[in-house]
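Enquirer: Right, I'll just put the structure down here and ask away after.
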Amino acid sequence: MAILEILEFPDPKLRTIAKPVVQVDDTIRAIIDDMFETMYTAPGIGLAATQVDIHQQIIVMDVSEDNNEPLVFINPEITVLDGPDHDYDEGCLSVPGFFETVTRPGQVSVKALDRDGKSFEMQPTELLAVCIQHEVDHLNGKLFVDYLSTLKRSRIRSKLEKLHKQKD
């Protein structure tokens, strides 16, 4: 397994729309394993393949306290269910150090393939529902900062660009 480099906003590669996985095989499972290692090391609770410059529809996450409930979503499809929207403070491994309130649907259904290519469906709630929506946004080239005002997004962009220049 390997720890992959996480792209950071405003890297334009984060805007790439991921392609569906055609076949779940050992190569895809190796990517999944590397993504989990990267996510746990970061540390984070979710990671989309787009964030590590792999433009396939793969998401890994684990919202458990003990990092012992890993979930894999390949080619995820979300359907919004009836119910109120909820506000959550979101952060992102690609937007390090920033947490902002984002309003998202409170109830969704998700269909996906697991790490073995088996189809499954679930209706997550609360943090898991938010995390899935956040990561699916990544696969579609969208970041949580896109839900913020232009002013907030510009400030975050400027601060991260300044940090990136200091690292170089």
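Chain labels follow the order of the structure tokens: the first chain is A, the next B, and so on; residue numbering restarts at 1 in every chain, and ligands are counted from 1 in their shown order.
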What lies within 9 Å of region 46-50 of chain A using only C-alpha atoms, ignoring chain neighbours under 2 positions off, as a ChimeraX atom specification?
Expert: /A:6-7,13-18,31-32,35-36,38-40,44,52-63,92-93,131-132,134-141
Enquirer: Could those selected residues go to a file with N, CA and C atoms, as a short mmCIF file (atom, residue, chain, number, x, y, z; two decimals), in the first residue's frame?
Expert:
```cif
data_model
loop_
_atom_site.label_atom_id
_atom_site.label_comp_id
_atom_site.auth_asym_id
_atom_site.auth_seq_id
_atom_site.Cartn_x
_atom_site.Cartn_y
_atom_site.Cartn_z
N ILE A 6 -2.52 14.14 -1.96
CA ILE A 6 -3.87 14.71 -2.03
C ILE A 6 -3.76 16.08 -2.69
N LEU A 7 -4.50 16.25 -3.78
CA LEU A 7 -4.55 17.54 -4.48
C LEU A 7 -5.24 18.55 -3.58
N LYS A 13 -7.08 20.12 -11.42
CA LYS A 13 -7.38 18.69 -11.58
C LYS A 13 -8.54 18.26 -10.68
N LEU A 14 -8.80 19.03 -9.62
CA LEU A 14 -9.94 18.72 -8.75
C LEU A 14 -11.27 18.95 -9.46
N ARG A 15 -11.25 19.63 -10.59
CA ARG A 15 -12.47 19.93 -11.36
C ARG A 15 -12.74 18.87 -12.44
N THR A 16 -11.87 17.86 -12.53
CA THR A 16 -12.05 16.80 -13.52
C THR A 16 -13.22 15.91 -13.11
N ILE A 17 -14.07 15.61 -14.07
CA ILE A 17 -15.21 14.71 -13.81
C ILE A 17 -14.72 13.27 -13.97
N ALA A 18 -14.93 12.48 -12.94
CA ALA A 18 -14.47 11.09 -12.91
C ALA A 18 -15.29 10.21 -13.85
N ILE A 31 -6.05 0.40 -5.71
CA ILE A 31 -6.32 1.84 -5.59
C ILE A 31 -7.12 2.10 -4.32
N ILE A 32 -8.13 1.28 -4.07
CA ILE A 32 -8.96 1.42 -2.87
C ILE A 32 -8.10 1.30 -1.61
N MET A 35 -6.07 4.36 -1.20
CA MET A 35 -6.93 5.47 -0.79
C MET A 35 -7.26 5.40 0.70
N PHE A 36 -7.56 4.20 1.20
CA PHE A 36 -7.82 4.06 2.64
C PHE A 36 -6.59 4.46 3.45
N THR A 38 -4.22 6.45 2.65
CA THR A 38 -4.07 7.90 2.51
C THR A 38 -5.07 8.63 3.40
N MET A 39 -6.33 8.21 3.36
CA MET A 39 -7.38 8.85 4.14
C MET A 39 -7.12 8.73 5.64
N TYR A 40 -6.79 7.53 6.10
CA TYR A 40 -6.55 7.33 7.52
C TYR A 40 -5.32 8.10 8.00
N GLY A 44 -8.65 11.69 7.70
CA GLY A 44 -9.95 12.14 7.21
C GLY A 44 -10.97 11.05 7.36
N VAL A 52 -6.98 12.34 -5.30
CA VAL A 52 -5.63 11.80 -5.40
C VAL A 52 -5.24 11.62 -6.87
N ASP A 53 -5.87 12.43 -7.72
CA ASP A 53 -5.55 12.51 -9.15
C ASP A 53 -5.80 11.19 -9.88
N ILE A 54 -6.80 10.46 -9.43
CA ILE A 54 -7.27 9.25 -10.13
C ILE A 54 -8.71 9.57 -10.51
N HIS A 55 -8.98 9.65 -11.79
CA HIS A 55 -10.28 10.17 -12.22
C HIS A 55 -11.25 9.05 -12.61
N GLN A 56 -11.49 8.21 -11.59
CA GLN A 56 -12.47 7.13 -11.69
C GLN A 56 -13.43 7.27 -10.51
N GLN A 57 -14.65 6.76 -10.69
CA GLN A 57 -15.68 6.94 -9.66
C GLN A 57 -15.49 5.96 -8.51
N ILE A 58 -14.58 6.33 -7.61
CA ILE A 58 -14.27 5.52 -6.43
C ILE A 58 -14.25 6.45 -5.22
N ILE A 59 -14.94 6.01 -4.17
CA ILE A 59 -14.97 6.75 -2.89
C ILE A 59 -14.68 5.75 -1.78
N VAL A 60 -13.86 6.18 -0.82
CA VAL A 60 -13.68 5.41 0.41
C VAL A 60 -14.07 6.31 1.58
N MET A 61 -14.61 5.72 2.62
CA MET A 61 -14.92 6.51 3.81
C MET A 61 -15.06 5.61 5.02
N ASP A 62 -14.92 6.27 6.17
CA ASP A 62 -15.09 5.59 7.45
C ASP A 62 -15.43 6.67 8.46
N VAL A 63 -16.70 6.75 8.83
CA VAL A 63 -17.14 7.79 9.77
C VAL A 63 -17.19 7.28 11.21
N CYS A 92 -12.48 19.46 4.38
CA CYS A 92 -12.08 18.66 3.22
C CYS A 92 -10.57 18.51 3.21
N LEU A 93 -10.10 17.32 2.91
CA LEU A 93 -8.66 17.08 2.83
C LEU A 93 -8.04 17.90 1.69
N CYS A 131 -21.31 13.04 4.14
CA CYS A 131 -20.01 12.61 3.62
C CYS A 131 -20.15 12.03 2.21
N ILE A 132 -21.15 11.21 2.01
CA ILE A 132 -21.35 10.61 0.68
C ILE A 132 -21.63 11.71 -0.35
N HIS A 134 -20.75 14.85 -0.20
CA HIS A 134 -19.51 15.62 -0.34
C HIS A 134 -18.55 14.91 -1.30
N GLU A 135 -18.37 13.61 -1.11
CA GLU A 135 -17.43 12.86 -1.94
C GLU A 135 -17.94 12.67 -3.37
N VAL A 136 -19.24 12.47 -3.54
CA VAL A 136 -19.80 12.37 -4.89
C VAL A 136 -19.62 13.70 -5.62
N ASP A 137 -19.73 14.80 -4.90
CA ASP A 137 -19.44 16.10 -5.51
C ASP A 137 -18.03 16.11 -6.10
N HIS A 138 -17.06 15.57 -5.36
CA HIS A 138 -15.68 15.51 -5.87
C HIS A 138 -15.62 14.77 -7.20
N LEU A 139 -16.35 13.66 -7.29
CA LEU A 139 -16.33 12.88 -8.54
C LEU A 139 -16.91 13.68 -9.70
N ASN A 140 -17.74 14.68 -9.38
CA ASN A 140 -18.35 15.53 -10.39
C ASN A 140 -17.61 16.86 -10.56
N GLY A 141 -16.41 16.94 -9.98
CA GLY A 141 -15.59 18.15 -10.14
C GLY A 141 -16.04 19.32 -9.30
#
```
Enquirer: Do a neighbour search on Leu160 (chain A) at 10 Å with only C-alpha atoms, toss out local chain neighbours closer than 3 positions, and write the hits as number ranges by chain.
Expert: A: 8-10, 95-98, 154-157, 163-166
Enquirer: Taking the DSSP assignment computed from this structure's backbone, write out as a PyMOL selection string all residues of chain A that belong to strand (DSSP E or B).
Expert: chain A and resi 19+46-48+56+58-61+71-80+85-92+95-105+108-113+119-122
Enquirer: Please produce a file of the residues just selected, as a compact mmCIF listing (two decimals), in the first residue's frame, where the atoms kept are N, CA and C atoms.
Expert:
```
# COMPACT_ATOMS: atom_id res chain seq x y z
N LYS A 19 -14.61 9.23 -14.40
CA LYS A 19 -15.26 8.26 -15.30
C LYS A 19 -15.70 7.04 -14.49
N GLY A 46 -13.37 10.67 4.66
CA GLY A 46 -13.80 10.33 3.31
C GLY A 46 -12.77 10.81 2.31
N LEU A 47 -12.68 10.09 1.18
CA LEU A 47 -11.74 10.46 0.14
C LEU A 47 -12.28 9.97 -1.20
N ALA A 48 -12.33 10.87 -2.16
CA ALA A 48 -12.73 10.52 -3.53
C ALA A 48 -11.47 10.37 -4.37
N GLN A 56 -11.49 8.21 -11.59
CA GLN A 56 -12.47 7.13 -11.69
C GLN A 56 -13.43 7.27 -10.51
N ILE A 58 -14.58 6.33 -7.61
CA ILE A 58 -14.27 5.52 -6.43
C ILE A 58 -14.25 6.45 -5.22
N ILE A 59 -14.94 6.01 -4.17
CA ILE A 59 -14.97 6.75 -2.89
C ILE A 59 -14.68 5.75 -1.78
N VAL A 60 -13.86 6.18 -0.82
CA VAL A 60 -13.68 5.41 0.41
C VAL A 60 -14.07 6.31 1.58
N MET A 61 -14.61 5.72 2.62
CA MET A 61 -14.92 6.51 3.81
C MET A 61 -15.06 5.61 5.02
N LEU A 71 -16.00 1.85 4.27
CA LEU A 71 -17.02 1.72 3.24
C LEU A 71 -16.41 2.10 1.89
N VAL A 72 -16.81 1.39 0.86
CA VAL A 72 -16.36 1.66 -0.50
C VAL A 72 -17.59 1.88 -1.37
N PHE A 73 -17.52 2.92 -2.19
CA PHE A 73 -18.59 3.24 -3.13
C PHE A 73 -17.97 3.39 -4.51
N ILE A 74 -18.27 2.46 -5.40
CA ILE A 74 -17.78 2.53 -6.77
C ILE A 74 -18.98 2.85 -7.67
N ASN A 75 -18.80 3.84 -8.54
CA ASN A 75 -19.87 4.30 -9.43
C ASN A 75 -21.14 4.67 -8.64
N PRO A 76 -21.00 5.49 -7.60
CA PRO A 76 -22.17 5.81 -6.77
C PRO A 76 -23.19 6.69 -7.51
N GLU A 77 -24.46 6.41 -7.22
CA GLU A 77 -25.56 7.21 -7.74
C GLU A 77 -26.42 7.63 -6.56
N ILE A 78 -26.62 8.94 -6.42
CA ILE A 78 -27.40 9.46 -5.30
C ILE A 78 -28.77 9.90 -5.79
N THR A 79 -29.79 9.56 -4.99
CA THR A 79 -31.14 10.06 -5.21
C THR A 79 -31.54 10.81 -3.95
N VAL A 80 -31.97 12.05 -4.10
CA VAL A 80 -32.42 12.83 -2.94
C VAL A 80 -33.83 12.38 -2.58
N ASP A 85 -33.68 19.90 4.48
CA ASP A 85 -32.24 20.07 4.30
C ASP A 85 -31.61 20.27 5.68
N HIS A 86 -30.32 19.98 5.78
CA HIS A 86 -29.60 20.15 7.03
C HIS A 86 -28.31 20.94 6.80
N ASP A 87 -27.92 21.70 7.80
CA ASP A 87 -26.67 22.44 7.77
C ASP A 87 -25.62 21.64 8.54
N TYR A 88 -24.45 21.49 7.92
CA TYR A 88 -23.33 20.79 8.57
C TYR A 88 -22.07 21.60 8.35
N ASP A 89 -21.20 21.59 9.33
CA ASP A 89 -19.88 22.18 9.16
C ASP A 89 -19.01 21.15 8.45
N GLU A 90 -18.59 21.48 7.24
CA GLU A 90 -17.81 20.56 6.44
C GLU A 90 -16.36 21.02 6.33
N GLY A 91 -15.49 20.05 6.28
CA GLY A 91 -14.09 20.27 6.00
C GLY A 91 -13.71 19.35 4.85
N CYS A 92 -12.48 19.46 4.38
CA CYS A 92 -12.08 18.66 3.22
C CYS A 92 -10.57 18.51 3.21
N VAL A 95 -9.04 20.95 1.02
CA VAL A 95 -9.15 22.35 1.45
C VAL A 95 -8.74 22.37 2.92
N PRO A 96 -7.47 22.04 3.19
CA PRO A 96 -7.03 21.83 4.58
C PRO A 96 -7.15 23.08 5.45
N GLY A 97 -7.64 22.83 6.68
CA GLY A 97 -7.70 23.90 7.67
C GLY A 97 -8.95 24.75 7.64
N PHE A 98 -9.87 24.47 6.76
CA PHE A 98 -11.10 25.28 6.65
C PHE A 98 -12.33 24.42 6.90
N PHE A 99 -13.24 24.97 7.69
CA PHE A 99 -14.52 24.33 7.95
C PHE A 99 -15.59 25.39 7.76
N GLU A 100 -16.60 25.08 6.96
CA GLU A 100 -17.67 26.02 6.68
C GLU A 100 -19.01 25.29 6.68
N THR A 101 -20.06 26.01 6.99
CA THR A 101 -21.40 25.44 7.01
C THR A 101 -21.93 25.30 5.59
N VAL A 102 -22.39 24.10 5.27
CA VAL A 102 -22.97 23.79 3.96
C VAL A 102 -24.34 23.18 4.19
N THR A 103 -25.31 23.59 3.39
CA THR A 103 -26.66 23.03 3.46
C THR A 103 -26.80 21.95 2.41
N ARG A 104 -27.22 20.77 2.85
CA ARG A 104 -27.40 19.63 1.94
C ARG A 104 -28.70 18.91 2.28
N PRO A 105 -29.21 18.11 1.33
CA PRO A 105 -30.38 17.29 1.62
C PRO A 105 -30.10 16.38 2.82
N VAL A 108 -30.94 10.86 1.65
CA VAL A 108 -30.59 10.41 0.31
C VAL A 108 -30.59 8.89 0.26
N SER A 109 -30.66 8.39 -0.95
CA SER A 109 -30.46 6.97 -1.21
C SER A 109 -29.24 6.88 -2.11
N VAL A 110 -28.40 5.91 -1.88
CA VAL A 110 -27.22 5.74 -2.73
C VAL A 110 -27.14 4.29 -3.20
N LYS A 111 -26.88 4.14 -4.50
CA LYS A 111 -26.62 2.84 -5.11
C LYS A 111 -25.17 2.86 -5.56
N ALA A 112 -24.47 1.76 -5.34
CA ALA A 112 -23.06 1.70 -5.73
C ALA A 112 -22.62 0.24 -5.80
N LEU A 113 -21.36 0.07 -6.18
CA LEU A 113 -20.72 -1.24 -6.13
C LEU A 113 -19.74 -1.22 -4.95
N SER A 119 -23.29 -5.01 -6.24
CA SER A 119 -24.18 -3.86 -6.12
C SER A 119 -24.84 -3.82 -4.75
N PHE A 120 -24.99 -2.62 -4.21
CA PHE A 120 -25.72 -2.46 -2.95
C PHE A 120 -26.41 -1.11 -2.95
N GLU A 121 -27.37 -0.97 -2.05
CA GLU A 121 -28.09 0.29 -1.90
C GLU A 121 -28.25 0.57 -0.42
N MET A 122 -28.20 1.84 -0.05
CA MET A 122 -28.40 2.22 1.35
C MET A 122 -29.05 3.59 1.41
```
Enquirer: Could you please write out, as a ChimeraX atom specification, every residue of chain A that DSSP assigns to helix (DSSP H, G or I)?
Expert: /A:12-15,26-41,49-52,126-139,144-147,150-167
Enquirer: Would you mind reading off the distance between CA of Ala42 (chain A) and CA of Val145 (chain A), one decimal, in Å?
Expert: 19.6 Å
Enquirer: Under the rule that only C-alpha atoms are counted, which of A:Ile28, A:Leu128, A:Phe144, A:Asp34 is the nearest residue to Ala2 (chain A)?
Expert: A:Asp34
Enquirer: Smallest atom-to-atom distance to Pro84 (chain A): which of A:Asp116, A:Glu126, A:Glu5, A:Glu65, using only C-alpha atoms?
Expert: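 Under the stated criterion, the closest residue is A:Glu126.
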Enquirer: Can you work out which one of A:Asp82, A:Pro124, A:Thr150, A:Ser94 has the shortest atom-to-atom distance to Asp11 (chain A), counting only C-alpha atoms?
Expert: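 Closest to Asp11 (chain A), using only C-alpha atoms: A:Ser94.
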